[in-house]
>>> print(open('protein.txt').read())   # compact mmCIF, C-alpha atoms
# COMPACT_ATOMS: atom_id res chain seq x y z
CA MET A 1 81.98 -28.76 -7.57
CA ALA A 2 78.30 -29.56 -8.07
CA VAL A 3 77.48 -28.16 -4.63
CA LYS A 4 79.39 -24.94 -5.29
CA SER A 5 77.60 -24.55 -8.61
CA MET A 6 74.24 -24.97 -6.90
CA MET A 7 75.20 -22.37 -4.29
CA LYS A 8 76.11 -19.87 -7.02
CA LYS A 9 72.83 -20.48 -8.80
CA SER A 10 70.93 -20.03 -5.53
CA ALA A 11 72.70 -16.73 -4.87
CA LEU A 12 71.71 -15.57 -8.37
CA LEU A 13 68.11 -16.55 -7.70
CA ILE A 14 68.16 -14.52 -4.47
CA THR A 15 69.41 -11.45 -6.32
CA LEU A 16 66.81 -11.80 -9.05
CA PHE A 17 64.06 -12.37 -6.52
CA VAL A 18 64.98 -9.31 -4.48
CA SER A 19 65.25 -7.00 -7.48
CA SER A 20 62.08 -8.16 -9.17
CA SER A 21 59.79 -8.67 -6.19
CA MET A 22 59.98 -5.84 -3.68
CA VAL A 23 56.93 -6.93 -1.72
CA LEU A 24 55.90 -4.59 1.07
CA ALA A 25 54.06 -7.23 3.08
CA ALA A 26 56.11 -8.62 5.97
CA PRO A 27 56.40 -12.40 6.31
CA ALA A 28 53.94 -14.16 8.59
CA ILE A 29 55.77 -15.65 11.57
CA GLN A 30 54.80 -19.01 13.04
CA SER A 31 55.91 -19.91 16.57
CA TRP A 32 55.87 -22.87 18.97
CA GLN A 33 57.98 -24.57 21.65
CA THR A 34 60.07 -27.72 21.46
CA ALA A 35 59.63 -30.54 23.95
CA ASN A 36 62.50 -29.23 26.09
CA GLY A 37 61.27 -25.63 26.16
CA ALA A 38 63.08 -23.87 23.30
CA LYS A 39 61.10 -21.13 21.55
CA VAL A 40 60.92 -21.56 17.76
CA LEU A 41 60.10 -18.91 15.15
CA PHE A 42 59.60 -19.98 11.55
CA VAL A 43 58.93 -18.30 8.22
CA PRO A 44 58.53 -20.48 5.11
CA ALA A 45 60.41 -19.14 2.08
CA PRO A 46 59.89 -21.56 -0.81
CA GLU A 47 61.31 -19.29 -3.52
CA ILE A 48 64.89 -20.61 -3.31
CA PRO A 49 66.23 -24.04 -2.22
CA MET A 50 67.97 -22.73 0.91
CA LEU A 51 67.61 -22.99 4.67
CA ASP A 52 68.83 -20.43 7.20
CA LEU A 53 68.78 -21.45 10.83
CA ARG A 54 70.08 -19.83 14.01
CA ILE A 55 70.01 -21.00 17.63
CA VAL A 56 70.55 -18.26 20.17
CA PHE A 57 71.09 -18.68 23.92
CA ASP A 58 70.90 -16.19 26.77
CA ALA A 59 74.59 -16.86 27.31
CA GLY A 60 76.37 -13.62 26.47
CA SER A 61 79.15 -11.91 28.38
CA ALA A 62 76.65 -10.55 30.92
CA ARG A 63 76.47 -14.14 32.21
CA SER A 64 80.22 -14.47 32.78
CA VAL A 65 81.12 -11.24 34.54
CA ASP A 66 83.51 -12.85 37.03
CA LYS A 67 85.29 -14.65 34.16
CA ALA A 68 85.41 -12.16 31.31
CA GLY A 69 85.73 -13.84 27.91
CA LEU A 70 84.23 -17.14 29.12
CA SER A 71 81.07 -16.70 27.04
CA GLY A 72 82.97 -16.12 23.81
CA LEU A 73 85.48 -18.91 24.33
CA THR A 74 82.76 -21.42 25.25
CA ASN A 75 80.77 -20.53 22.16
CA ALA A 76 83.84 -20.78 19.92
CA MET A 77 84.64 -24.25 21.28
CA LEU A 78 81.28 -25.59 20.11
CA SER A 79 82.50 -25.60 16.51
CA GLU A 80 85.77 -27.39 17.34
CA SER A 81 85.95 -31.11 18.19
CA VAL A 82 82.43 -32.47 18.56
CA GLY A 83 81.11 -36.00 18.83
CA GLU A 84 83.46 -38.32 16.94
CA TRP A 85 84.86 -35.58 14.69
CA SER A 86 87.94 -33.42 15.13
CA ALA A 87 87.84 -29.69 14.49
CA ASP A 88 89.26 -30.22 11.00
CA GLN A 89 86.70 -32.91 10.22
CA VAL A 90 83.86 -30.64 11.33
CA ALA A 91 85.07 -27.94 8.95
CA GLU A 92 85.49 -30.45 6.13
CA ARG A 93 81.97 -31.84 6.60
CA LEU A 94 80.37 -28.43 6.24
CA GLU A 95 82.59 -27.42 3.35
CA SER A 96 81.84 -30.65 1.47
CA VAL A 97 78.16 -29.68 1.17
CA GLY A 98 78.66 -25.92 0.84
CA ALA A 99 77.11 -25.16 4.24
CA ARG A 100 78.15 -21.99 6.06
CA LEU A 101 78.48 -21.87 9.84
CA SER A 102 78.17 -18.73 11.94
CA THR A 103 78.91 -18.37 15.65
CA GLY A 104 79.30 -15.46 18.00
CA ALA A 105 78.76 -13.99 21.45
CA ARG A 106 77.79 -10.51 22.58
CA ARG A 107 76.67 -9.02 25.86
CA ASP A 108 73.14 -10.47 25.78
CA MET A 109 73.48 -13.58 23.66
CA ALA A 110 75.56 -16.32 22.09
CA TRP A 111 74.56 -18.18 18.93
CA LEU A 112 75.25 -20.83 16.33
CA GLY A 113 73.78 -20.72 12.87
CA VAL A 114 73.97 -22.51 9.58
CA ARG A 115 73.03 -21.78 5.97
CA SER A 116 72.55 -24.79 3.74
CA LEU A 117 70.95 -25.97 0.53
CA THR A 118 67.76 -27.92 1.12
CA GLU A 119 69.02 -30.71 -1.16
CA GLU A 120 68.67 -33.86 0.94
CA ARG A 121 72.32 -34.79 1.46
CA ALA A 122 73.52 -31.23 2.00
CA LEU A 123 70.82 -30.47 4.56
CA SER A 124 71.30 -33.80 6.33
CA VAL A 125 75.04 -33.29 6.78
CA ALA A 126 74.64 -29.67 7.89
CA LEU A 127 71.96 -30.44 10.47
CA GLU A 128 73.75 -33.54 11.76
CA THR A 129 76.91 -31.50 12.30
CA LEU A 130 75.07 -28.62 13.98
CA THR A 131 73.26 -31.06 16.28
CA ALA A 132 76.58 -32.53 17.38
CA MET A 133 77.99 -29.06 18.04
CA LEU A 134 75.18 -28.32 20.45
CA ALA A 135 74.89 -31.70 22.15
CA GLU A 136 78.37 -33.25 21.99
CA PRO A 137 81.13 -30.63 22.30
CA GLN A 138 84.31 -32.32 23.52
CA PHE A 139 86.15 -29.25 24.86
CA VAL A 140 89.50 -30.72 23.85
CA GLN A 141 92.34 -28.98 25.69
CA ALA A 142 94.46 -28.56 22.55
CA ASP A 143 91.57 -26.83 20.77
CA MET A 144 91.07 -24.60 23.78
CA GLU A 145 94.73 -23.55 23.91
CA ARG A 146 94.72 -22.70 20.21
CA LEU A 147 91.61 -20.54 20.59
CA ARG A 148 93.01 -18.96 23.74
CA LYS A 149 96.10 -17.83 21.80
CA MET A 150 93.90 -16.43 19.04
CA MET A 151 91.85 -14.46 21.57
CA LEU A 152 95.01 -13.08 23.19
CA VAL A 153 96.32 -12.00 19.80
CA GLY A 154 93.00 -10.29 19.11
CA LEU A 155 93.17 -8.47 22.45
CA SER A 156 96.72 -7.36 21.72
CA ARG A 157 95.62 -5.95 18.38
CA SER A 158 92.64 -4.18 19.93
CA GLU A 159 95.01 -2.37 22.28
CA GLN A 160 96.62 -0.83 19.19
CA SER A 161 93.28 0.47 17.90
CA PRO A 162 92.15 3.86 19.24
CA SER A 163 88.53 3.10 18.35
CA SER A 164 88.66 -0.16 20.34
CA VAL A 165 90.33 1.55 23.30
CA ALA A 166 87.64 4.25 23.24
CA SER A 167 84.79 1.73 22.99
CA LYS A 168 86.03 -0.31 25.95
CA ALA A 169 86.58 2.76 28.10
CA PHE A 170 83.15 4.08 27.16
CA SER A 171 81.35 0.83 28.14
CA LYS A 172 83.22 0.67 31.44
CA GLN A 173 82.24 4.22 32.34
CA LEU A 174 78.67 3.88 31.06
CA PHE A 175 77.68 0.63 32.74
CA GLY A 176 79.74 0.84 35.93
CA ASP A 177 79.20 -2.30 38.01
CA HIS A 178 76.42 -3.68 35.77
CA PRO A 179 77.14 -7.00 33.97
CA TYR A 180 77.11 -5.12 30.64
CA ALA A 181 80.37 -3.44 31.67
CA SER A 182 82.18 -6.76 31.17
CA ASP A 183 84.00 -6.75 27.82
CA PRO A 184 82.78 -9.69 25.68
CA ALA A 185 86.37 -10.19 24.48
CA GLY A 186 87.67 -10.46 28.02
CA THR A 187 91.07 -9.25 29.20
CA PRO A 188 94.50 -10.90 28.81
CA GLU A 189 94.43 -11.81 32.50
CA SER A 190 90.92 -13.30 32.43
CA ILE A 191 91.51 -15.26 29.22
CA LYS A 192 94.72 -16.78 30.59
CA ALA A 193 92.93 -17.82 33.78
CA LEU A 194 90.05 -19.72 32.10
CA SER A 195 90.05 -23.50 32.56
CA ARG A 196 88.34 -26.34 30.75
CA ASP A 197 86.10 -26.83 33.80
CA ASP A 198 84.96 -23.20 33.50
CA LEU A 199 83.84 -23.81 29.92
CA VAL A 200 82.05 -27.07 30.73
CA MET A 201 80.18 -25.54 33.67
CA PHE A 202 79.12 -22.51 31.62
CA TYR A 203 77.97 -24.73 28.75
CA GLU A 204 75.97 -27.03 31.04
CA ARG A 205 74.26 -24.11 32.76
CA TYR A 206 73.28 -21.94 29.78
CA TYR A 207 73.12 -24.20 26.71
CA VAL A 208 69.76 -25.74 27.62
CA GLY A 209 66.32 -25.85 26.02
CA ASN A 210 64.58 -23.33 28.26
CA ASN A 211 67.36 -20.82 27.58
CA ALA A 212 67.22 -21.13 23.78
CA THR A 213 65.47 -19.50 20.83
CA ILE A 214 65.52 -21.05 17.35
CA ALA A 215 64.94 -19.04 14.17
CA ILE A 216 64.26 -20.89 10.90
CA THR A 217 63.44 -19.70 7.41
CA GLY A 218 63.73 -21.42 4.07
CA ALA A 219 62.20 -23.79 1.54
CA ILE A 220 60.59 -26.17 4.02
CA ASP A 221 57.10 -26.52 5.48
CA ARG A 222 55.90 -26.33 9.09
CA GLN A 223 56.13 -30.08 9.63
CA GLN A 224 59.75 -30.16 8.44
CA ALA A 225 60.59 -27.13 10.56
CA GLU A 226 59.21 -28.81 13.67
CA LYS A 227 61.24 -31.93 12.96
CA ILE A 228 64.43 -29.91 12.41
CA ALA A 229 63.94 -27.91 15.60
CA GLU A 230 63.49 -31.06 17.67
CA GLN A 231 66.51 -32.67 16.03
CA ILE A 232 68.99 -29.90 16.70
CA ILE A 233 67.87 -28.95 20.22
CA GLY A 234 66.18 -32.10 21.46
CA GLN A 235 69.30 -33.73 22.94
CA LEU A 236 69.87 -30.82 25.31
CA PRO A 237 68.31 -30.93 28.80
CA ALA A 238 65.40 -28.57 29.47
CA GLY A 239 67.33 -26.77 32.22
CA GLN A 240 66.39 -23.31 33.42
CA ALA A 241 66.23 -19.94 31.69
CA ALA A 242 68.91 -17.45 32.73
CA ALA A 243 68.00 -15.14 35.61
CA LYS A 244 66.76 -11.63 34.86
CA LEU A 245 69.54 -9.07 34.55
CA PRO A 246 69.51 -6.08 36.91
CA ASN A 247 68.44 -2.69 35.65
CA VAL A 248 71.08 -0.36 34.24
CA ALA A 249 71.50 2.60 36.59
CA LYS A 250 70.97 6.13 35.33
CA LEU A 251 73.98 8.40 35.35
CA GLU A 252 73.96 10.74 38.32
CA LYS A 253 76.50 13.15 36.83
CA ALA A 254 78.73 13.66 33.82
CA HIS A 255 81.93 11.62 33.46
CA GLU A 256 84.80 12.56 31.18
CA ILE A 257 88.05 10.67 30.62
CA ARG A 258 90.87 11.37 28.19
CA VAL A 259 93.23 8.58 27.19
CA GLU A 260 96.63 9.36 25.72
CA PHE A 261 97.14 7.45 22.47
CA PRO A 262 99.64 7.97 19.61
CA SER A 263 97.03 8.28 16.86
CA SER A 264 96.83 10.84 14.09
CA GLN A 265 93.29 11.77 15.11
CA SER A 266 91.38 11.78 18.37
CA HIS A 267 88.38 9.49 18.79
CA ILE A 268 85.43 10.99 20.64
CA LEU A 269 82.47 9.13 22.16
CA LEU A 270 79.60 10.66 24.15
CA GLY A 271 76.49 9.01 25.50
CA GLN A 272 74.44 7.56 28.30
CA PRO A 273 72.04 4.64 28.88
CA GLY A 274 69.34 4.84 26.20
CA MET A 275 66.61 2.20 25.91
CA LYS A 276 65.94 -1.54 25.88
CA ARG A 277 64.26 -3.93 23.46
CA GLY A 278 60.48 -3.67 23.61
CA ASP A 279 60.75 -0.15 25.02
CA PRO A 280 57.51 1.83 24.57
CA ASP A 281 59.58 4.71 23.16
CA TYR A 282 61.49 2.50 20.72
CA PHE A 283 60.00 3.70 17.42
CA VAL A 284 59.94 7.34 18.48
CA LEU A 285 63.61 7.24 19.51
CA TYR A 286 64.52 5.20 16.43
CA VAL A 287 62.99 7.72 14.03
CA GLY A 288 64.27 10.65 16.06
CA ASN A 289 67.81 9.34 16.05
CA HIS A 290 67.66 8.77 12.30
CA ILE A 291 67.19 12.51 11.99
CA LEU A 292 69.80 13.40 14.61
CA GLY A 293 72.72 11.21 13.56
CA GLY A 294 71.56 7.86 12.24
CA GLY A 295 70.83 9.02 8.70
CA GLY A 296 74.44 9.38 7.58
CA LEU A 297 75.36 12.45 5.55
CA VAL A 298 71.81 13.83 5.65
CA SER A 299 71.61 13.89 9.46
CA ILE A 300 71.70 16.97 11.69
CA LEU A 301 75.01 15.96 13.25
CA SER A 302 76.61 15.56 9.84
CA ASP A 303 75.37 18.99 8.82
CA GLU A 304 76.65 20.69 11.98
CA VAL A 305 79.94 18.84 12.32
CA ARG A 306 80.99 18.14 8.74
CA GLU A 307 79.22 20.53 6.39
CA LYS A 308 79.23 23.71 8.47
CA ARG A 309 82.53 23.34 10.33
CA GLY A 310 84.61 20.62 8.66
CA LEU A 311 85.52 19.11 12.02
CA SER A 312 85.20 15.48 10.94
CA TYR A 313 84.71 13.43 7.79
CA SER A 314 81.80 11.61 9.42
CA THR A 315 79.84 11.64 12.65
CA TYR A 316 76.99 9.50 13.94
CA SER A 317 74.61 8.65 16.76
CA TYR A 318 72.70 5.49 17.58
CA PHE A 319 70.72 3.61 20.21
CA ALA A 320 71.78 0.02 20.99
CA PRO A 321 68.86 -1.55 22.89
CA MET A 322 69.40 -4.82 24.75
CA ARG A 323 67.52 -6.77 27.46
CA GLN A 324 68.23 -3.84 29.73
CA TYR A 325 69.18 -0.32 28.71
CA GLY A 326 71.95 -0.28 26.12
CA GLN A 327 73.87 2.82 25.15
CA PHE A 328 72.89 5.93 23.31
CA GLN A 329 76.12 7.00 21.65
CA MET A 330 77.43 9.86 19.54
CA GLY A 331 80.87 9.76 18.00
CA LEU A 332 83.40 11.18 15.58
CA GLN A 333 87.13 11.45 14.82
CA THR A 334 88.89 14.78 14.57
CA LYS A 335 92.23 16.55 14.83
CA THR A 336 93.61 16.89 18.34
CA SER A 337 93.51 20.68 18.05
CA GLN A 338 89.77 20.51 17.32
CA VAL A 339 88.69 18.15 20.12
CA ASP A 340 87.19 20.75 22.43
CA GLU A 341 85.34 22.49 19.61
CA ALA A 342 83.97 19.16 18.34
CA LEU A 343 82.81 18.18 21.83
CA GLN A 344 81.01 21.48 22.22
CA VAL A 345 79.29 21.11 18.85
CA LEU A 346 78.10 17.58 19.71
CA ARG A 347 76.72 18.69 23.07
CA ASN A 348 75.12 21.85 21.72
CA THR A 349 73.53 19.98 18.81
CA LEU A 350 72.04 17.37 21.13
CA GLN A 351 70.74 20.06 23.49
CA HIS A 352 69.18 22.02 20.62
CA TYR A 353 67.51 18.87 19.28
CA ILE A 354 66.10 18.04 22.71
CA ASP A 355 64.81 21.59 23.14
CA ASN A 356 63.29 21.97 19.67
CA GLY A 357 62.80 18.53 18.13
CA PRO A 358 62.87 17.96 14.37
CA THR A 359 61.23 20.09 11.69
CA ASP A 360 58.32 18.73 9.69
CA ASP A 361 60.53 18.43 6.61
CA GLN A 362 63.18 16.48 8.53
CA LEU A 363 60.55 14.11 9.92
CA LYS A 364 58.98 13.55 6.52
CA ALA A 365 62.33 12.79 4.90
CA ALA A 366 63.28 10.37 7.68
CA LYS A 367 60.02 8.45 7.43
CA GLU A 368 60.33 8.16 3.66
CA ASN A 369 63.91 6.92 3.98
CA ILE A 370 63.11 4.34 6.67
CA THR A 371 59.91 2.96 5.18
CA GLY A 372 61.25 3.10 1.63
CA GLY A 373 64.23 0.97 2.59
CA PHE A 374 62.26 -1.48 4.72
CA PRO A 375 61.56 -4.04 1.95
CA LEU A 376 65.31 -4.49 1.44
CA ARG A 377 65.70 -5.22 5.14
CA ILE A 378 63.52 -8.33 4.86
CA ALA A 379 64.38 -9.29 1.28
CA SER A 380 66.64 -12.27 1.99
CA ASN A 381 66.52 -15.35 4.19
CA SER A 382 69.61 -14.27 6.12
CA LYS A 383 68.02 -10.93 7.02
CA ILE A 384 64.72 -12.54 7.98
CA VAL A 385 66.43 -15.05 10.26
CA GLU A 386 68.21 -12.19 12.05
CA TYR A 387 64.87 -10.49 12.66
CA LEU A 388 63.34 -13.76 13.86
CA THR A 389 66.24 -14.15 16.29
CA MET A 390 65.69 -10.66 17.70
CA ILE A 391 61.91 -11.06 17.94
CA GLY A 392 62.13 -14.44 19.64
CA PHE A 393 65.02 -13.68 21.97
CA TYR A 394 63.62 -10.39 23.23
CA GLY A 395 60.00 -11.53 23.32
CA LEU A 396 58.72 -8.98 20.81
CA PRO A 397 55.25 -9.46 19.25
CA LEU A 398 55.06 -11.78 16.26
CA ASP A 399 53.53 -9.00 14.15
CA TYR A 400 56.57 -6.76 14.78
CA LEU A 401 57.62 -6.77 11.12
CA ASP A 402 54.07 -6.42 9.84
CA ARG A 403 53.51 -3.30 11.98
CA PHE A 404 56.97 -1.79 11.49
CA THR A 405 56.15 0.79 8.82
CA ARG A 406 52.87 1.76 10.50
CA ARG A 407 54.68 2.38 13.78
CA VAL A 408 57.24 4.53 11.98
CA GLU A 409 54.56 6.50 10.14
CA ALA A 410 52.72 7.17 13.41
CA VAL A 411 55.65 9.06 14.99
CA THR A 412 55.16 12.82 15.32
CA ALA A 413 57.65 15.63 15.85
CA ALA A 414 56.08 16.27 19.27
CA ASP A 415 56.60 12.59 20.19
CA ILE A 416 60.30 12.86 19.35
CA LYS A 417 60.83 16.10 21.26
CA ASN A 418 59.04 14.68 24.30
CA ALA A 419 60.86 11.32 24.27
CA PHE A 420 64.34 12.81 23.79
CA ALA A 421 63.72 15.28 26.60
CA ARG A 422 62.67 12.47 28.94
CA ARG A 423 65.38 9.98 28.00
CA LEU A 424 68.55 12.05 27.43
CA ASP A 425 70.31 14.69 29.51
CA PRO A 426 73.27 16.53 27.89
CA GLN A 427 74.43 17.50 31.40
CA ARG A 428 74.99 13.85 32.40
CA LEU A 429 76.93 12.36 29.52
CA VAL A 430 79.83 9.95 29.57
CA THR A 431 82.61 11.49 27.43
CA VAL A 432 85.64 9.56 26.23
CA VAL A 433 88.47 11.07 24.19
CA VAL A 434 91.29 8.83 22.95
CA GLY A 435 94.24 10.41 21.13
CA GLN A 436 97.21 12.70 21.55
CA GLN A 437 96.32 15.33 24.09
CA ALA A 438 96.78 18.96 23.08
CA GLU A 439 99.57 20.92 24.71
>>> encode(input="protein.txt", output="structure tokens")
Amino acid sequence: MAVKSMMKKSALLITLFVSSSMVLAAPAIQSWQTANGAKVLFVPAPEIPMLDLRIVFDAGSARSVDKAGLSGLTNAMLSESVGEWSADQVAERLESVGARLSTGARRDMAWLGVRSLTEERALSVALETLTAMLAEPQFVQADMERLRKMMLVGLSRSEQSPSSVASKAFSKQLFGDHPYASDPAGTPESIKALSRDDLVMFYERYYVGNNATIAITGAIDRQQAEKIAEQIIGQLPAGQAAAKLPNVAKLEKAHEIRVEFPSSQSHILLGQPGMKRGDPDYFVLYVGNHILGGGGLVSILSDEVREKRGLSYSTYSYFAPMRQYGQFQMGLQTKTSQVDEALQVLRNTLQHYIDNGPTDDQLKAAKENITGGFPLRIASNSKIVEYLTMIGFYGLPLDYLDRFTRRVEAVTAADIKNAFARRLDPQRLVTVVVGQQAE
């Protein structure tokens, strides 16, 4: 009860700190390497007695193409039976000190993270447990079968979701034979075929020091951070970093597929390969997309699709940069009878934006919205640790956060028009429509 009370008080302190201290200055990032090659990024945050820590590995689904779902299942097994503790005991240990565990796997990465009080016992138990997860996973068969069933249930449910069906079809068409085409969730057939040996081999290859990035922020100093980093990663072998992924191929022509699905509305996705992390056009495309469809109800797409024509309650666009080119995507939901009209509006709006770029007023409003909201994006430890993870994993400059608003402010309307014209071609889009097809 005492731990839960402390957690509540800490949450209150966070809220008060954020609301009363909207500091524009970005946190200074410190960085070094552990003895076995892991990159560490650290930001001290002494205001509240909390520690947020995340360890990320280049071990996403792009590394398990021939065994789809292997990355996710391996990562999930790390928080099951570890060392001398069963899966239930691991959960009980963390709960007893109010620590929160996070795990996950995407196309580029897989991670484990923990949030804990910096009170001595709480932090000791949390770090000891996390260290065991990384260094001593047991890969117990019974745990594996239980997780396998959960993954199969999740896949079954996703097949009943038109948005999930559309997303999977879109990725398959967009990335073709690139490793990014592999669905992180796997397929029923691939999940059923995975063996314990597959998991162990994947873990031993990719969960190594030279393939890891550690992000730390909280009420500790540099010396403590160094000690913590060595503790949690030090028992892993140095190993080798994952090989470079191949480039994502440009689309040679347009692709359109329509999937019959008994849904009340049709789900529409359009897009093509967009950009990667560290891309020289990143800030220009980021600001430009905020105007096009990333700004919610005040975006151009929302005005054309929702306000002027009432074709959809909401519409959007976004870039999803990764190690290699991730997708640029536009999307909406609409009535089956309106699918062709909605598709035409999306394509025409993108073409008009590429041809003309934004107005000065649109650019000004976007910059004010982005820079005005930036302090909130770095106002908590959990948000800072996510940025540290991204900066470290993708090798971005340590002053990325410090220069963020200046880079946004430097974008011009001409920059946006030029970049969108070079990077996107409305005549070579992947189009996916999932829903009941019109007679």
>>> closest_residue(input="protein.txt", among="A:Ile370, A:Leu123, A:Met77, A:Met109", to="A:Arg407", atoms="only C-alpha atoms")
A:Ile370
>>> closest_atom_pairs(input="protein.txt", of="stretch 142-198 of chain A", to="stretch 78-96 of chain A", cutoff="12 Å", atoms="all atoms listed in the file", output="Markdown table")
| residue | atom | partner | partner_atom | distance |
| --- | --- | --- | --- | --- |
| A:Ala142 | CA | A:Ser81 | CA | 9.9 |
| A:Asp143 | CA | A:Glu80 | CA | 6.8 |
| A:Met144 | CA | A:Glu80 | CA | 8.8 |
| A:Glu145 | CA | A:Glu80 | CA | 11.8 |
| A:Arg146 | CA | A:Glu80 | CA | 10.5 |
| A:Leu147 | CA | A:Glu80 | CA | 9.6 |
>>> atom_distance(input="protein.txt", atom1="atom CA of A:Phe170", atom2="atom CA of A:Thr334")
17.5 Å
>>> residues_around(input="protein.txt", residues="A:Val56", least_positions_apart="3", cutoff="12 Å", atoms="all atoms listed in the file", output="PyMOL selection string")
chain A and resi 38-41+53+59-60+75+102-106+108-114+134+206-216+233+385-386+388-394
>>> atom_distance(input="protein.txt", atom1="atom CA of A:Ser263", atom2="atom CA of A:Leu292")
27.8 Å
>>> residues_around(input="protein.txt", residues="A:Met330", least_positions_apart="4", cutoff="7 Å", atoms="all atoms listed in the file", output="PyMOL selection string")
chain A and resi 269-271+316-318
>>> residues_around(input="protein.txt", residues="stretch 298-306 of chain A", least_positions_apart="4", cutoff="8 Å", atoms="only C-alpha atoms", output="list in words")
His290, Ile291, Leu292, Gly293, Gly294, Gly310, Leu311, Ser312, Tyr313, Ser314, Thr315, Tyr316, Ala342, Val345, Leu346 and Thr349 of chain A
>>> atom_distance(input="protein.txt", atom1="atom CA of A:Glu252", atom2="atom CA of A:Ala62")
22.7 Å
>>> closest_residue(input="protein.txt", among="A:Val248, A:Ala76, A:Arg347, A:Glu120", to="A:Leu101", atoms="all atoms listed in the file")
A:Ala76
>>> closest_residue(input="protein.txt", among="A:Glu159, A:Asp52, A:Asp399, A:Glu189", to="A:Ile228", atoms="all atoms listed in the file")
A:Asp52
>>> closest_residue(input="protein.txt", among="A:Glu226, A:Gly331, A:Ser156, A:Ser163", to="A:Thr34", atoms="all atoms listed in the file")
A:Glu226
>>> closest_residue(input="protein.txt", among="A:Ile232, A:Met151, A:Val339, A:Met322", to="A:Ala35", atoms="all atoms listed in the file")
A:Ile232
>>> closest_residue(input="protein.txt", among="A:Asp58, A:Asp177, A:Glu119, A:Asp425", to="A:Arg205", atoms="all atoms listed in the file")
A:Asp58
>>> residues_around(input="protein.txt", residues="A:Glu260", least_positions_apart="5", cutoff="9 Å", atoms="all atoms listed in the file", output="list in words")
Val433, Val434, Gly435, Gln436 and Gln437 of chain A
>>> write_last_selection(input="protein.txt", atoms="C-alpha atoms", output="short mmCIF file (atom, residue, chain, number, x, y, z; two decimals), in the frame of the given file")
data_model
loop_
_atom_site.label_atom_id
_atom_site.label_comp_id
_atom_site.auth_asym_id
_atom_site.auth_seq_id
_atom_site.Cartn_x
_atom_site.Cartn_y
_atom_site.Cartn_z
CA VAL A 433 88.47 11.07 24.19
CA VAL A 434 91.29 8.83 22.95
CA GLY A 435 94.24 10.41 21.13
CA GLN A 436 97.21 12.70 21.55
CA GLN A 437 96.32 15.33 24.09
#
>>> residues_around(input="protein.txt", residues="A:Tyr282", least_positions_apart="6", cutoff="9 Å", atoms="only C-alpha atoms", output="ChimeraX atom specification")
/A:275-276,321
